[in-house]
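J.: Below is the file structure_16.pdb, which contains PDB, C-alpha atoms.
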```
MODEL        1
ATOM      1  CA  MET A   1      78.967  95.019  46.919
ATOM      2  CA  PRO A   2      80.290  98.540  46.291
ATOM      3  CA  LEU A   3      80.545  99.204  50.050
ATOM      4  CA  GLU A   4      81.466  96.351  52.367
ATOM      5  CA  VAL A   5      83.044  95.791  55.788
ATOM      6  CA  THR A   6      84.881  92.735  57.076
ATOM      7  CA  PHE A   7      84.930  92.284  60.826
ATOM      8  CA  THR A   8      87.284  89.500  61.882
ATOM      9  CA  PRO A   9      90.788  88.149  61.193
ATOM     10  CA  ALA A  10      89.110  84.930  60.078
ATOM     11  CA  GLU A  11      88.364  86.795  56.829
ATOM     12  CA  PHE A  12      92.009  87.632  56.078
ATOM     13  CA  ALA A  13      92.624  84.336  54.286
ATOM     14  CA  ALA A  14      89.576  84.842  52.081
ATOM     15  CA  LEU A  15      90.749  88.352  51.210
ATOM     16  CA  ARG A  16      93.974  86.938  49.832
ATOM     17  CA  GLN A  17      91.915  84.762  47.462
ATOM     18  CA  ARG A  18      89.593  87.544  46.266
ATOM     19  CA  ASP A  19      90.112  89.615  43.171
ATOM     20  CA  LEU A  20      90.632  93.048  44.740
ATOM     21  CA  SER A  21      92.258  94.601  41.700
ATOM     22  CA  GLN A  22      89.437  97.149  41.312
ATOM     23  CA  THR A  23      88.861  97.620  45.035
ATOM     24  CA  VAL A  24      90.111 100.269  47.428
ATOM     25  CA  CYS A  25      90.689  98.816  50.899
ATOM     26  CA  VAL A  26      90.862 100.859  54.096
ATOM     27  CA  VAL A  27      92.310  98.997  57.074
ATOM     28  CA  PHE A  28      91.423  99.922  60.654
ATOM     29  CA  ASP A  29      93.265  98.809  63.771
ATOM     30  CA  VAL A  30      92.125 101.677  65.960
ATOM     31  CA  LEU A  31      93.721 100.295  69.143
ATOM     32  CA  ARG A  32      96.432 100.751  68.055
ATOM     33  CA  ALA A  33      98.470  99.783  64.980
ATOM     34  CA  THR A  34      96.926 102.001  62.313
ATOM     35  CA  SER A  35      96.686 104.911  64.754
ATOM     36  CA  SER A  36     100.405 104.523  65.457
ATOM     37  CA  MET A  37     101.274 104.313  61.763
ATOM     38  CA  VAL A  38      99.334 107.469  60.968
ATOM     39  CA  THR A  39     100.983 109.244  63.900
ATOM     40  CA  ALA A  40     104.454 108.132  62.820
ATOM     41  CA  LEU A  41     104.027 109.383  59.260
ATOM     42  CA  ALA A  42     102.439 112.634  60.440
ATOM     43  CA  ASN A  43     105.544 113.111  62.597
ATOM     44  CA  GLY A  44     107.942 112.685  59.715
ATOM     45  CA  ALA A  45     108.711 108.966  59.589
ATOM     46  CA  ARG A  46     109.996 108.023  56.149
ATOM     47  CA  GLU A  47     108.201 104.682  55.865
ATOM     48  CA  ILE A  48     106.776 101.759  57.804
ATOM     49  CA  ILE A  49     107.377  98.168  56.770
ATOM     50  CA  PRO A  50     104.534  96.041  58.195
ATOM     51  CA  VAL A  51     105.445  92.405  58.753
ATOM     52  CA  CYS A  52     103.508  89.554  60.287
ATOM     53  CA  GLU A  53     106.204  87.855  62.348
ATOM     54  CA  ILE A  54     108.782  89.037  64.868
ATOM     55  CA  ALA A  55     111.513  87.116  63.051
ATOM     56  CA  GLU A  56     110.805  89.076  59.850
ATOM     57  CA  ALA A  57     111.340  92.383  61.640
ATOM     58  CA  VAL A  58     114.558  91.167  63.281
ATOM     59  CA  ALA A  59     115.881  89.961  59.917
ATOM     60  CA  LEU A  60     115.152  93.364  58.371
ATOM     61  CA  ARG A  61     117.051  95.036  61.212
ATOM     62  CA  ALA A  62     120.038  92.746  60.604
ATOM     63  CA  ALA A  63     120.100  93.859  56.967
ATOM     64  CA  ARG A  64     119.426  97.522  57.799
ATOM     65  CA  PRO A  65     120.947  98.469  61.168
ATOM     66  CA  ASP A  66     119.444 101.972  61.039
ATOM     67  CA  LEU A  67     115.904 100.545  60.980
ATOM     68  CA  LEU A  68     113.714 101.158  64.027
ATOM     69  CA  LEU A  69     111.789  98.140  65.308
ATOM     70  CA  ALA A  70     108.252  98.676  66.575
ATOM     71  CA  GLY A  71     105.445  96.394  67.636
ATOM     72  CA  GLU A  72     103.676  94.433  70.301
ATOM     73  CA  ARG A  73     102.585  91.046  71.464
ATOM     74  CA  ASP A  74      99.753  90.894  73.989
ATOM     75  CA  GLY A  75      99.705  94.677  73.824
ATOM     76  CA  VAL A  76     103.213  95.341  75.143
ATOM     77  CA  ARG A  77     106.516  96.184  73.480
ATOM     78  CA  ILE A  78     108.455  93.204  72.127
ATOM     79  CA  LEU A  79     111.569  92.438  74.160
ATOM     80  CA  ARG A  80     114.520  90.107  73.674
ATOM     81  CA  GLN A  81     112.721  87.312  75.500
ATOM     82  CA  LEU A  82     110.648  86.986  72.318
ATOM     83  CA  THR A  83     113.242  87.974  69.734
ATOM     84  CA  GLY A  84     116.152  86.056  71.218
ATOM     85  CA  SER A  85     118.487  88.944  70.473
ATOM     86  CA  VAL A  86     117.161  92.501  70.690
ATOM     87  CA  ASP A  87     114.586  94.691  72.394
ATOM     88  CA  PHE A  88     112.296  96.567  70.022
ATOM     89  CA  ASP A  89     112.807 100.334  70.003
ATOM     90  CA  LEU A  90     109.105 101.132  70.168
ATOM     91  CA  GLY A  91     105.918  99.410  71.194
ATOM     92  CA  ASN A  92     102.528 100.085  69.653
ATOM     93  CA  SER A  93     101.514 103.264  71.468
ATOM     94  CA  PRO A  94     100.935 106.264  69.213
ATOM     95  CA  ARG A  95     102.364 108.423  72.012
ATOM     96  CA  GLU A  96     105.776 106.846  71.391
ATOM     97  CA  PHE A  97     105.950 107.856  67.727
ATOM     98  CA  THR A  98     107.066 111.430  68.314
ATOM     99  CA  ARG A  99     108.862 113.558  65.760
ATOM    100  CA  GLU A 100     112.019 113.351  67.864
ATOM    101  CA  ARG A 101     112.011 109.546  67.792
ATOM    102  CA  VAL A 102     110.785 108.759  64.289
ATOM    103  CA  GLY A 103     111.419 111.821  62.136
ATOM    104  CA  GLY A 104     113.259 110.770  58.981
ATOM    105  CA  ARG A 105     113.432 107.145  60.105
ATOM    106  CA  SER A 106     112.261 103.878  58.562
ATOM    107  CA  ILE A 107     110.361 101.519  60.856
ATOM    108  CA  ALA A 108     109.736  97.782  60.683
ATOM    109  CA  MET A 109     106.527  97.034  62.561
ATOM    110  CA  THR A 110     104.771  93.858  63.642
ATOM    111  CA  THR A 111     101.564  93.685  65.658
ATOM    112  CA  THR A 112      99.128  90.970  66.566
ATOM    113  CA  ASN A 113      96.507  91.854  63.948
ATOM    114  CA  GLY A 114      97.003  95.200  62.220
ATOM    115  CA  THR A 115     100.037  94.313  60.142
ATOM    116  CA  ARG A 116      98.390  91.013  59.153
ATOM    117  CA  ALA A 117      95.309  92.891  57.965
ATOM    118  CA  LEU A 118      97.398  95.158  55.756
ATOM    119  CA  GLN A 119      99.226  92.209  54.250
ATOM    120  CA  ALA A 120      95.908  90.470  53.505
ATOM    121  CA  CYS A 121      94.883  93.412  51.292
ATOM    122  CA  ARG A 122      97.998  93.572  49.137
ATOM    123  CA  GLY A 123      96.142  92.612  45.966
ATOM    124  CA  ALA A 124      93.867  95.657  46.127
ATOM    125  CA  ARG A 125      93.980  98.631  43.773
ATOM    126  CA  ARG A 126      94.835 100.881  46.723
ATOM    127  CA  VAL A 127      95.274 100.062  50.421
ATOM    128  CA  LEU A 128      94.813 102.978  52.814
ATOM    129  CA  VAL A 129      95.622 103.089  56.518
ATOM    130  CA  GLY A 130      92.572 104.232  58.474
ATOM    131  CA  SER A 131      92.131 105.631  61.961
ATOM    132  CA  PHE A 132      90.021 108.243  63.711
ATOM    133  CA  LEU A 133      93.095 110.483  63.591
ATOM    134  CA  ASN A 134      92.967 110.778  59.782
ATOM    135  CA  LEU A 135      89.364 109.791  59.118
ATOM    136  CA  GLY A 136      88.461 113.076  57.435
ATOM    137  CA  ALA A 137      91.447 112.924  55.105
ATOM    138  CA  VAL A 138      90.574 109.365  54.081
ATOM    139  CA  ALA A 139      86.878 110.134  53.572
ATOM    140  CA  ASN A 140      87.631 113.264  51.547
ATOM    141  CA  TRP A 141      89.990 111.325  49.281
ATOM    142  CA  LEU A 142      87.422 108.563  48.705
ATOM    143  CA  VAL A 143      84.794 111.132  47.727
ATOM    144  CA  ARG A 144      87.184 113.166  45.607
ATOM    145  CA  GLU A 145      88.372 110.074  43.736
ATOM    146  CA  ARG A 146      84.777 108.837  43.335
ATOM    147  CA  VAL A 147      85.758 105.414  44.574
ATOM    148  CA  ALA A 148      83.061 102.963  43.511
ATOM    149  CA  ASP A 149      84.298  99.757  45.167
ATOM    150  CA  LEU A 150      85.255 100.203  48.830
ATOM    151  CA  LEU A 151      86.147  97.439  51.281
ATOM    152  CA  ILE A 152      86.763  98.452  54.896
ATOM    153  CA  VAL A 153      88.805  95.874  56.800
ATOM    154  CA  CYS A 154      88.635  95.636  60.588
ATOM    155  CA  SER A 155      91.740  94.065  62.121
ATOM    156  CA  GLY A 156      89.930  92.712  65.168
ATOM    157  CA  THR A 157      91.274  91.492  68.500
ATOM    158  CA  HIS A 158      92.913  88.076  68.581
ATOM    159  CA  GLU A 159      90.660  86.164  66.149
ATOM    160  CA  GLU A 160      87.475  88.024  66.973
ATOM    161  CA  ALA A 161      85.734  91.215  65.933
ATOM    162  CA  SER A 162      86.652  94.339  67.892
ATOM    163  CA  TYR A 163      84.157  97.016  68.821
ATOM    164  CA  GLU A 164      86.635  99.864  68.296
ATOM    165  CA  ASP A 165      87.396  98.824  64.716
ATOM    166  CA  VAL A 166      83.695  98.496  63.943
ATOM    167  CA  LEU A 167      83.251 102.045  65.259
ATOM    168  CA  GLY A 168      86.040 103.219  62.948
ATOM    169  CA  ALA A 169      84.605 101.375  59.959
ATOM    170  CA  GLY A 170      81.150 102.719  60.751
ATOM    171  CA  ALA A 171      82.467 106.265  61.033
ATOM    172  CA  LEU A 172      83.984 105.982  57.564
ATOM    173  CA  CYS A 173      80.788 104.438  56.164
ATOM    174  CA  ASP A 174      78.823 107.322  57.662
ATOM    175  CA  ALA A 175      81.203 109.869  56.133
ATOM    176  CA  VAL A 176      80.892 108.458  52.593
ATOM    177  CA  TRP A 177      77.338 107.113  52.813
ATOM    178  CA  GLU A 178      75.889 109.588  50.323
ATOM    179  CA  GLN A 179      78.364 108.382  47.709
ATOM    180  CA  PHE A 180      77.024 104.822  47.942
ATOM    181  CA  SER A 181      73.412 105.328  49.038
ATOM    182  CA  SER A 182      71.962 105.228  45.531
ATOM    183  CA  GLY A 183      72.845 101.550  45.132
ATOM    184  CA  PRO A 184      72.965  98.399  47.246
ATOM    185  CA  VAL A 185      75.501  98.168  50.040
ATOM    186  CA  ALA A 186      76.489  95.100  52.026
ATOM    187  CA  ASP A 187      74.662  94.365  55.265
ATOM    188  CA  SER A 188      78.062  94.531  56.982
ATOM    189  CA  ALA A 189      78.337  98.224  56.064
ATOM    190  CA  GLN A 190      74.806  98.844  57.333
ATOM    191  CA  VAL A 191      75.699  97.136  60.623
ATOM    192  CA  ALA A 192      78.915  99.106  61.104
ATOM    193  CA  CYS A 193      77.250 102.397  60.250
ATOM    194  CA  GLU A 194      74.371 101.816  62.673
ATOM    195  CA  ILE A 195      76.752 100.865  65.496
ATOM    196  CA  PHE A 196      78.753 104.054  64.950
ATOM    197  CA  ARG A 197      75.646 106.227  64.808
ATOM    198  CA  GLN A 198      74.418 104.791  68.103
ATOM    199  CA  GLY A 199      77.701 105.575  69.846
ATOM    200  CA  ARG A 200      78.948 108.733  68.141
ATOM    201  CA  GLY A 201      77.572 111.096  70.795
ATOM    202  CA  ASP A 202      80.309 109.900  73.167
ATOM    203  CA  LEU A 203      82.720 107.523  71.470
ATOM    204  CA  LEU A 204      85.066 107.375  74.457
ATOM    205  CA  ALA A 205      82.228 106.178  76.657
ATOM    206  CA  ALA A 206      81.122 103.710  73.999
ATOM    207  CA  VAL A 207      84.559 102.194  73.449
ATOM    208  CA  GLN A 208      85.026 101.489  77.131
ATOM    209  CA  ARG A 209      82.749  98.514  76.558
ATOM    210  CA  ALA A 210      85.334  97.061  74.152
ATOM    211  CA  ARG A 211      87.543  94.215  75.307
ATOM    212  CA  ASN A 212      90.730  95.776  73.951
ATOM    213  CA  ALA A 213      89.977  99.195  75.432
ATOM    214  CA  ARG A 214      89.269  97.680  78.845
ATOM    215  CA  ARG A 215      92.615  95.887  78.753
ATOM    216  CA  LEU A 216      94.507  99.060  77.856
ATOM    217  CA  LEU A 217      92.647 101.152  80.409
ATOM    218  CA  ALA A 218      93.705  98.687  83.123
ATOM    219  CA  LEU A 219      97.403  99.326  82.361
ATOM    220  CA  PRO A 220      98.638 102.654  83.815
ATOM    221  CA  GLU A 221     101.347 103.060  81.162
ATOM    222  CA  LEU A 222      98.919 102.462  78.259
ATOM    223  CA  ARG A 223      95.537 103.777  79.397
ATOM    224  CA  ASP A 224      96.045 107.194  77.770
ATOM    225  CA  ASP A 225      96.324 105.508  74.366
ATOM    226  CA  VAL A 226      92.560 104.983  74.237
ATOM    227  CA  ALA A 227      91.750 108.696  74.343
ATOM    228  CA  VAL A 228      94.571 109.497  71.916
ATOM    229  CA  CYS A 229      93.329 106.950  69.369
ATOM    230  CA  PHE A 230      89.805 108.390  69.473
ATOM    231  CA  GLN A 231      90.846 111.947  68.674
ATOM    232  CA  ARG A 232      89.166 112.927  65.426
ATOM    233  CA  ASP A 233      91.080 114.389  62.480
ATOM    234  CA  THR A 234      94.269 115.401  64.268
ATOM    235  CA  ALA A 235      96.452 114.104  61.412
ATOM    236  CA  ASN A 236      95.679 115.418  57.934
ATOM    237  CA  VAL A 237      97.624 112.661  56.176
ATOM    238  CA  LEU A 238      96.897 109.871  53.746
ATOM    239  CA  ALA A 239      98.937 106.737  54.317
ATOM    240  CA  GLU A 240      98.900 103.785  51.974
ATOM    241  CA  LEU A 241     100.490 100.389  51.593
ATOM    242  CA  ASP A 242     102.250 100.621  48.246
ATOM    243  CA  THR A 243     102.950  97.840  45.760
ATOM    244  CA  SER A 244     106.278  97.085  47.444
ATOM    245  CA  GLY A 245     104.501  96.344  50.728
ATOM    246  CA  VAL A 246     105.644  99.515  52.499
ATOM    247  CA  VAL A 247     103.399 102.118  54.150
ATOM    248  CA  ARG A 248     104.220 105.661  53.046
ATOM    249  CA  LEU A 249     102.444 108.956  52.668
ATOM    250  CA  MET A 250     100.296 108.792  49.571
ATOM    251  CA  GLU A 251     101.554 110.608  46.515
ATOM    252  CA  GLU A 252      98.485 112.274  45.045
TER     253      GLU A 252
ENDMDL
END
```
Could you spell out this file's structure in structure tokens?
T.:
Amino acid sequence: MPLEVTFTPAEFAALRQRDLSQTVCVVFDVLRATSSMVTALANGAREIIPVCEIAEAVALRAARPDLLLAGERDGVRILRQLTGSVDFDLGNSPREFTRERVGGRSIAMTTTNGTRALQACRGARRVLVGSFLNLGAVANWLVRERVADLLIVCSGTHEEASYEDVLGAGALCDAVWEQFSSGPVADSAQVACEIFRQGRGDLLAAVQRARNARRLLALPELRDDVAVCFQRDTANVLAELDTSGVVRLMEE
């Protein structure tokens, strides 16, 4: 289908087997990996290297001592109890990725689902990093480039679908719907779009029903991340996973 959405991490393995060579993928991990990546690049980070495992990030740091380490397990910053050697410099809160901390720096990042989702799309023609923060920039690029084959990938929570990523995917479907409305679209895109349209009047109220949002809101040090991640179009940047497996600002 020219417009399709995947909802769960269970679909990552199938993505690796699909021919995505003509497909543009947009990956959403609204709470919080893709929001943090977009924030980091908007604040001057040089690049982000997404990896699936903690050990991969630690090995990169050993080879490149100037590399910042960022990421989470169970929502919190990775510490030496998990690495065996080093505390990560940053967690997965977009509020941590300030210009003072990340400007001009390269970052190796591992999260529970978001970095896995990006890696699953590596065979695609283009892989864009999506969030509410840069939704307008992504939608405008898709329309301007007349993208005809769009796959929106939700990172999910644990191995399940996540409401916040479906809202993000639905918001992007809604923004580009006219471009695809003349032909068939996948039911998954219809579902995501309808869910977004039902909740768009107050997305912050809607997302508080989400499992991941409820968990973050219960943690005093992380609760503000939810509101930050649902700010619309605060970062006018396009971020993509390039052919070397690194997330950088897109060169248009």
J.: May I have the protein, DNA and RNA residues with any atom at most 10 Å from the point (77.3, 108.2, 46.9), counting all atoms listed in the file, written as a PDB file with C-alpha atoms, in the frame of the given file?
T.:
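The result, stored in point.pdb:
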```pdb
ATOM      1  CA  VAL A 143      84.794 111.132  47.727  1.00  0.00           C
ATOM      2  CA  ARG A 146      84.777 108.837  43.335  1.00  0.00           C
ATOM      3  CA  VAL A 147      85.758 105.414  44.574  1.00  0.00           C
ATOM      4  CA  ALA A 148      83.061 102.963  43.511  1.00  0.00           C
ATOM      5  CA  VAL A 176      80.892 108.458  52.593  1.00  0.00           C
ATOM      6  CA  TRP A 177      77.338 107.113  52.813  1.00  0.00           C
ATOM      7  CA  GLU A 178      75.889 109.588  50.323  1.00  0.00           C
ATOM      8  CA  GLN A 179      78.364 108.382  47.709  1.00  0.00           C
ATOM      9  CA  PHE A 180      77.024 104.822  47.942  1.00  0.00           C
ATOM     10  CA  SER A 181      73.412 105.328  49.038  1.00  0.00           C
ATOM     11  CA  SER A 182      71.962 105.228  45.531  1.00  0.00           C
ATOM     12  CA  GLY A 183      72.845 101.550  45.132  1.00  0.00           C
TER      13      GLY A 183
END
```
J.: Compile the contact shell of region 221-226 of chain A as an MDAnalysis selection string: residues with an atom at most 8 Å away, counting all atoms listed in the file, same-chain residues fewer than 2 positions apart removed.
T.: chainID A and resid 31:32 93:95 204 213 216:219 228:230
J.: Applying the PyMOL selection byres ((chain A and resi 8) around 9) to the file I just gave you, which residues come out? Please list them as a ChimeraX atom specification.
T.: /A:6-7,9-12,153-162
J.: Box time for region 222-238 of chain A: axis-aligned, enclosing all its listed atoms, 4 Å extra on each side; report centre and edge lengths in Å to one decimal, as lines of an AutoDock Vina configuration file.
T.:
```
center_x = 94.0
center_y = 108.9
center_z = 66.6
size_x = 17.8
size_y = 21.0
size_z = 33.7
```
J.: Running the PyMOL selection byres ((chain A and resi 114) around 12) on this model by hand, what would come out? Give it as number ranges by chain.
T.: A: 8-9, 12, 26-37, 50-53, 71-73, 75, 92, 109-113, 115-121, 129-131, 153-159, 162, 165
J.: Using all atoms listed in the file, what residues lie at most 10 Å away from (83.9, 95.0, 49.0) (file coordinates), given as a ChimeraX atom specification?
T.: /A:1-6,15,18,20,22-25,148-153,185-186,188-189
J.: Residues within 7 Å of region 237-247 of chain A, please, as a count of residues only. Count all atoms listed in the file; anything in the same chain fewer than 2 positions from it doesn't count.
T.: 15
J.: What does the distance from CA of Arg99 (chain A) to CA of Asp233 (chain A) come to in Å, to one decimal?
T.: 18.1 Å
J.: Name the closest residue to Leu41 (chain A) among the candidates A:Arg64, A:Arg144, A:Arg80, A:Arg105; distances are taken between atoms, counting all atoms listed in the file.
T.: A:Arg105
J.: Which of these residues is nearest to Gln231 (chain A), using all atoms listed in the file: A:Gln81, A:Tyr163, A:Thr39, A:Pro184?
T.: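 The shortest atom-to-atom distance to Gln231 (chain A) comes from A:Thr39.
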J.: Using Å and a single decimal, report how far CA of Ile107 (chain A) sits from CA of Ala70 (chain A).
T.: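 About the pair CA of Ala70 (chain A) and CA of Ile107 (chain A): they are 6.7 Å apart.
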J.: Written as a PyMOL selection string, which residues does the PyMOL selection byres ((chain A and resi 44) around 7) give for the file shown?
T.: chain A and resi 40-43+45-46+99+102-104
J.: Just to confirm, what's the straight-line distance from CA of Gly170 (chain A) to CA of Arg16 (chain A) in Å (one decimal)?
T.: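 These two atoms are separated by 23.1 Å.
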J.: Using all atoms listed in the file, find the one residue out of A:Asn236, A:Gln190, A:Gln198, A:Asn212 that sits nearest to Glu164 (chain A).
T.: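 Counting all atoms listed in the file, the residue closest to Glu164 (chain A) is A:Asn212.
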J.: Ranking A:Ala210, A:Ala175, A:Ala124, A:Ala59 by minimum distance to Gly136 (chain A) and counting all atoms listed in the file, which one comes first?
T.: A:Ala175
J.: Closest to Phe132 (chain A) among A:Leu167, A:Val76, A:Val86, A:Asp66, using all atoms listed in the file?
T.: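 Once distances to Phe132 (chain A) are computed over all atoms listed in the file, the minimum belongs to A:Leu167.
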J.: Do a neighbour search on Val58 (chain A) at 8 Å with only C-alpha atoms, toss out local chain neighbours closer than 2 positions, and write the hits as a list of chain:residue names.
T.: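 Counting only the stated atoms, we get A:Ile54, A:Ala55, A:Glu56, A:Leu60, A:Arg61, A:Ala62, A:Leu69, A:Thr83, A:Val86.
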